[in-house]
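Peer 1: Structure below; questions to follow.
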Amino acid sequence: MNKQNELAGTIVLVKSNLSNNLDNKKQLVGVIVMASVENNSVMVNFGFDENAFFSTDALLVLRKPEEIRRNVLNDATLLPYYDYYDILDIISFAESPEITLHKEAVVLSSKNLNALEYTMISLSTVLGLKQANGINR
């Protein structure tokens, strides 16, 4: 199976610092419908037949739950308790077999900037198209 087929169904968060004209899509959670890694183009569905195209660096995806857990346990004493418990909730949601809970994990991440840093990563980084910026947890 190729990467394009594997991406379909992935829940994503549109970055809040987009510089193009898609202001109404910033911080929205959607599902990848179709992807062309070669063209750096991803179609995301936001429900009600509302689709939009984005580049891979405009989208964030959840990190693997075990990676999140390892990082948050290493930094447990540095985090405020409410961030720590939000991140633990995100891990629980991400590990669930229910797709609605995966979406809830992304929504919760989007509401807490500290949690976002620990739990989300750029789709372009996951695909190996771009090196991670800043702190690589």
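Following the order of the structure tokens, chains are lettered A, B, ..., residues in each are numbered from 1, and ligands are numbered from 1.
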Using only C-alpha atoms, which residues sit within 8 Å of stretch 98-114 of chain A once same-chain residues fewer than 2 positions away are excluded, as JSON, numbers by chain?
Peer 2: {"A": [11, 12, 13, 27, 29, 61, 62, 83, 86, 87, 89, 90, 91, 93, 94, 95, 96, 116, 117, 118, 119, 120]}
Peer 1: If you run DSSP on the backbone, which residues of chain A are strand (DSSP E or B), as a list in words?
Peer 2: Ile11, Val12, Leu13, Val14, Val29, Gly30, Val31, Ile32, Val33, Met34, Ala35, Ser36, Ser41, Val42, Met43, Val44, Asn45, Asn51, Ala52, Phe53, Phe54, Leu59, Leu60, Val61, Leu62, Met120, Ile121 and Ser122 of chain A
Peer 1: Using Å and a single decimal, report how far atom CA of A:Lys26 sits from atom CA of A:Val44.
Peer 2: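 Between atom CA of A:Val44 and atom CA of A:Lys26 the gap is 12.5 Å.
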Peer 1: Which of these residues is nearest to A:Phe53, using only C-alpha atoms: A:Leu129, A:Leu88, A:Val14, A:Val72?
Peer 2: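 Distance minimum relative to A:Phe53 lands on A:Val14.
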Peer 1: Nearest to A:Arg69: which of A:Lys25, A:Ser92, A:Asn39, A:Phe54 is it, counting only C-alpha atoms?
Peer 2: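 With only C-alpha atoms as the atom set, the closest residue is A:Ser92.
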Peer 1: Could you tell me how far atom CA of A:Asp57 sits from atom CA of A:Leu123, in Å to one decimal place?
Peer 2: 6.0 Å
Peer 1: Residues of chain A classed as helix (DSSP H, G or I) by DSSP on the backbone are to be reported as a tab-separated table (two decimals) with N, CA, C and O atoms, in the first residue's frame.
Peer 2:
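Contents of result05.tsv, freshly written:
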```tsv
chain	number	residue	atom	x	y	z
A	3	LYS	N	1.69	5.52	0.34
A	3	LYS	CA	1.39	6.54	1.34
A	3	LYS	C	0.08	7.26	1.05
A	3	LYS	O	-0.64	7.63	1.95
A	4	GLN	N	-0.22	7.46	-0.23
A	4	GLN	CA	-1.44	8.18	-0.58
A	4	GLN	C	-2.67	7.44	-0.09
A	4	GLN	O	-3.60	8.04	0.43
A	5	ASN	N	-2.70	6.12	-0.26
A	5	ASN	CA	-3.84	5.33	0.20
A	5	ASN	C	-3.89	5.26	1.72
A	5	ASN	O	-4.96	5.22	2.31
A	6	GLU	N	-2.72	5.22	2.38
A	6	GLU	CA	-2.67	5.15	3.83
A	6	GLU	C	-3.17	6.43	4.49
A	6	GLU	O	-3.67	6.41	5.60
A	7	LEU	N	-3.04	7.56	3.81
A	7	LEU	CA	-3.46	8.84	4.39
A	7	LEU	C	-4.97	9.03	4.41
A	7	LEU	O	-5.49	9.77	5.25
A	23	ASP	N	-8.64	31.61	5.56
A	23	ASP	CA	-8.83	32.02	6.96
A	23	ASP	C	-9.98	31.28	7.63
A	23	ASP	O	-9.93	31.00	8.82
A	24	ASN	N	-11.01	30.96	6.89
A	24	ASN	CA	-12.15	30.29	7.49
A	24	ASN	C	-11.88	28.82	7.80
A	24	ASN	O	-12.69	28.17	8.44
A	25	LYS	N	-10.75	28.29	7.38
A	25	LYS	CA	-10.41	26.89	7.64
A	25	LYS	C	-9.37	26.72	8.75
A	25	LYS	O	-9.08	25.62	9.16
A	56	THR	N	0.93	19.68	2.47
A	56	THR	CA	1.16	18.83	3.64
A	56	THR	C	1.69	19.61	4.84
A	56	THR	O	1.47	19.21	5.97
A	57	ASP	N	2.37	20.73	4.60
A	57	ASP	CA	2.89	21.49	5.74
A	57	ASP	C	1.84	22.38	6.40
A	57	ASP	O	2.09	22.99	7.44
A	58	ALA	N	0.64	22.45	5.85
A	58	ALA	CA	-0.45	23.23	6.45
A	58	ALA	C	-1.31	22.38	7.38
A	58	ALA	O	-2.22	22.89	8.02
A	65	PRO	N	0.65	7.57	20.04
A	65	PRO	CA	0.37	7.67	21.48
A	65	PRO	C	1.57	7.31	22.37
A	65	PRO	O	1.81	7.97	23.38
A	66	GLU	N	2.33	6.29	21.98
A	66	GLU	CA	3.48	5.90	22.80
A	66	GLU	C	4.57	6.98	22.80
A	66	GLU	O	5.25	7.19	23.80
A	67	GLU	N	4.72	7.69	21.70
A	67	GLU	CA	5.67	8.80	21.63
A	67	GLU	C	5.21	9.97	22.52
A	67	GLU	O	6.01	10.56	23.24
A	68	ILE	N	3.91	10.26	22.47
A	68	ILE	CA	3.36	11.33	23.32
A	68	ILE	C	3.57	10.97	24.79
A	68	ILE	O	4.03	11.79	25.58
A	69	ARG	N	3.23	9.72	25.15
A	69	ARG	CA	3.35	9.27	26.53
A	69	ARG	C	4.80	9.38	27.03
A	69	ARG	O	5.06	9.89	28.12
A	70	ARG	N	5.73	8.92	26.22
A	70	ARG	CA	7.15	8.98	26.60
A	70	ARG	C	7.58	10.43	26.86
A	70	ARG	O	8.21	10.73	27.88
A	71	ASN	N	7.20	11.33	25.97
A	71	ASN	CA	7.60	12.74	26.10
A	71	ASN	C	6.94	13.41	27.30
A	71	ASN	O	7.59	14.17	28.02
A	72	VAL	N	5.67	13.15	27.51
A	72	VAL	CA	4.98	13.82	28.62
A	72	VAL	C	5.44	13.26	29.97
A	72	VAL	O	5.54	14.01	30.94
A	73	LEU	N	5.76	11.99	30.05
A	73	LEU	CA	6.27	11.44	31.30
A	73	LEU	C	7.66	11.99	31.61
A	73	LEU	O	8.00	12.21	32.78
A	74	ASN	N	8.46	12.23	30.58
A	74	ASN	CA	9.78	12.84	30.79
A	74	ASN	C	9.66	14.26	31.32
A	74	ASN	O	10.52	14.72	32.07
A	81	TYR	N	-0.45	21.06	35.86
A	81	TYR	CA	-1.24	19.84	36.00
A	81	TYR	C	-2.37	19.75	34.98
A	81	TYR	O	-2.68	18.67	34.47
A	82	TYR	N	-3.01	20.89	34.63
A	82	TYR	CA	-4.13	20.84	33.68
A	82	TYR	C	-3.64	20.47	32.28
A	82	TYR	O	-4.33	19.77	31.55
A	83	ASP	N	-2.44	20.91	31.88
A	83	ASP	CA	-1.87	20.50	30.58
A	83	ASP	C	-1.53	19.02	30.61
A	83	ASP	O	-1.80	18.29	29.65
A	84	TYR	N	-0.94	18.59	31.71
A	84	TYR	CA	-0.54	17.19	31.86
A	84	TYR	C	-1.77	16.28	31.72
A	84	TYR	O	-1.74	15.30	30.96
A	85	TYR	N	-2.84	16.62	32.40
A	85	TYR	CA	-4.04	15.77	32.34
A	85	TYR	C	-4.76	15.88	30.99
A	85	TYR	O	-5.34	14.90	30.53
A	86	ASP	N	-4.71	17.03	30.36
A	86	ASP	CA	-5.24	17.13	28.99
A	86	ASP	C	-4.48	16.20	28.05
A	86	ASP	O	-5.08	15.51	27.22
A	87	ILE	N	-3.17	16.18	28.19
A	87	ILE	CA	-2.35	15.32	27.32
A	87	ILE	C	-2.64	13.85	27.60
A	87	ILE	O	-2.73	13.04	26.67
A	88	LEU	N	-2.81	13.48	28.86
A	88	LEU	CA	-3.17	12.09	29.18
A	88	LEU	C	-4.53	11.73	28.57
A	88	LEU	O	-4.71	10.61	28.08
A	89	ASP	N	-5.48	12.67	28.60
A	89	ASP	CA	-6.77	12.42	27.96
A	89	ASP	C	-6.61	12.23	26.45
A	89	ASP	O	-7.23	11.35	25.86
A	90	ILE	N	-5.77	13.04	25.85
A	90	ILE	CA	-5.52	12.93	24.40
A	90	ILE	C	-4.93	11.57	24.07
A	90	ILE	O	-5.34	10.93	23.09
A	91	ILE	N	-4.01	11.10	24.89
A	91	ILE	CA	-3.42	9.77	24.68
A	91	ILE	C	-4.51	8.70	24.75
A	91	ILE	O	-4.58	7.81	23.89
A	92	SER	N	-5.37	8.78	25.76
A	92	SER	CA	-6.45	7.80	25.90
A	92	SER	C	-7.38	7.81	24.69
A	92	SER	O	-7.77	6.75	24.19
A	93	PHE	N	-7.74	8.99	24.25
A	93	PHE	CA	-8.60	9.10	23.07
A	93	PHE	C	-7.91	8.54	21.83
A	93	PHE	O	-8.53	7.85	21.01
A	94	ALA	N	-6.64	8.84	21.67
A	94	ALA	CA	-5.89	8.39	20.48
A	94	ALA	C	-5.72	6.87	20.46
A	94	ALA	O	-5.64	6.27	19.39
A	95	GLU	N	-5.68	6.25	21.62
A	95	GLU	CA	-5.51	4.80	21.69
A	95	GLU	C	-6.83	4.04	21.50
A	95	GLU	O	-6.83	2.84	21.29
A	99	ILE	N	-13.19	6.02	16.12
A	99	ILE	CA	-12.70	7.14	15.31
A	99	ILE	C	-13.19	8.48	15.85
A	99	ILE	O	-12.50	9.49	15.75
A	100	THR	N	-14.38	8.49	16.47
A	100	THR	CA	-14.88	9.74	17.04
A	100	THR	C	-14.00	10.22	18.18
A	100	THR	O	-13.85	11.43	18.38
A	101	LEU	N	-13.41	9.29	18.92
A	101	LEU	CA	-12.49	9.68	20.00
A	101	LEU	C	-11.15	10.17	19.45
A	101	LEU	O	-10.51	11.02	20.06
A	102	HIS	N	-10.74	9.65	18.29
A	102	HIS	CA	-9.53	10.18	17.64
A	102	HIS	C	-9.76	11.64	17.27
A	102	HIS	O	-8.87	12.48	17.46
A	103	LYS	N	-10.93	11.92	16.75
A	103	LYS	CA	-11.26	13.30	16.40
A	103	LYS	C	-11.30	14.17	17.65
A	103	LYS	O	-10.81	15.29	17.65
A	104	GLU	N	-11.85	13.64	18.73
A	104	GLU	CA	-11.90	14.39	19.99
A	104	GLU	C	-10.49	14.68	20.51
A	104	GLU	O	-10.23	15.74	21.08
A	105	ALA	N	-9.55	13.75	20.29
A	105	ALA	CA	-8.16	13.97	20.69
A	105	ALA	C	-7.56	15.16	19.93
A	105	ALA	O	-6.87	16.00	20.52
A	106	VAL	N	-7.85	15.26	18.64
A	106	VAL	CA	-7.34	16.37	17.83
A	106	VAL	C	-8.00	17.68	18.27
A	106	VAL	O	-7.33	18.71	18.38
A	107	VAL	N	-9.29	17.65	18.54
A	107	VAL	CA	-10.00	18.85	18.99
A	107	VAL	C	-9.43	19.33	20.32
A	107	VAL	O	-9.16	20.52	20.50
A	108	LEU	N	-9.22	18.41	21.25
A	108	LEU	CA	-8.66	18.78	22.55
A	108	LEU	C	-7.25	19.34	22.39
A	108	LEU	O	-6.89	20.32	23.05
A	109	SER	N	-6.47	18.77	21.51
A	109	SER	CA	-5.12	19.29	21.24
A	109	SER	C	-5.17	20.71	20.72
A	109	SER	O	-4.34	21.55	21.09
A	110	SER	N	-6.14	20.99	19.87
A	110	SER	CA	-6.23	22.32	19.26
A	110	SER	C	-6.60	23.40	20.27
A	110	SER	O	-6.34	24.58	20.04
A	113	LEU	N	-2.47	24.99	23.73
A	113	LEU	CA	-1.21	25.15	23.00
A	113	LEU	C	-0.08	24.27	23.52
A	113	LEU	O	0.72	23.76	22.73
A	114	ASN	N	-0.01	24.09	24.84
A	114	ASN	CA	1.02	23.19	25.37
A	114	ASN	C	0.76	21.75	24.95
A	114	ASN	O	1.68	21.02	24.57
A	115	ALA	N	-0.49	21.34	24.99
A	115	ALA	CA	-0.84	19.99	24.55
A	115	ALA	C	-0.57	19.83	23.06
A	115	ALA	O	-0.09	18.79	22.61
A	116	LEU	N	-0.86	20.87	22.29
A	116	LEU	CA	-0.63	20.83	20.85
A	116	LEU	C	0.83	20.54	20.53
A	116	LEU	O	1.14	19.72	19.67
A	117	GLU	N	1.72	21.18	21.27
A	117	GLU	CA	3.16	20.97	21.05
A	117	GLU	C	3.57	19.52	21.30
A	117	GLU	O	4.39	18.97	20.58
A	118	TYR	N	2.99	18.90	22.30
A	118	TYR	CA	3.34	17.53	22.66
A	118	TYR	C	2.66	16.49	21.77
A	118	TYR	O	3.20	15.41	21.57
A	119	THR	N	1.48	16.81	21.27
A	119	THR	CA	0.65	15.77	20.66
A	119	THR	C	0.55	15.80	19.14
A	119	THR	O	0.18	14.81	18.54
A	123	LEU	N	2.14	17.12	8.98
A	123	LEU	CA	2.02	15.98	8.07
A	123	LEU	C	3.24	15.87	7.17
A	123	LEU	O	3.72	14.77	6.88
A	124	SER	N	3.81	17.01	6.76
A	124	SER	CA	4.99	16.97	5.89
A	124	SER	C	6.18	16.34	6.62
A	124	SER	O	6.98	15.64	6.00
A	125	THR	N	6.29	16.54	7.91
A	125	THR	CA	7.37	15.93	8.70
A	125	THR	C	7.15	14.43	8.80
A	125	THR	O	8.10	13.65	8.66
A	126	VAL	N	5.92	14.01	9.03
A	126	VAL	CA	5.60	12.58	9.12
A	126	VAL	C	5.94	11.88	7.81
A	126	VAL	O	6.47	10.77	7.81
```
Peer 1: Between atom CA of A:Ile121 and atom CA of A:Leu59, what is the distance in Å, rounded to a tenth?
Peer 2: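 Distance reported for this atom pair: 8.4 Å.
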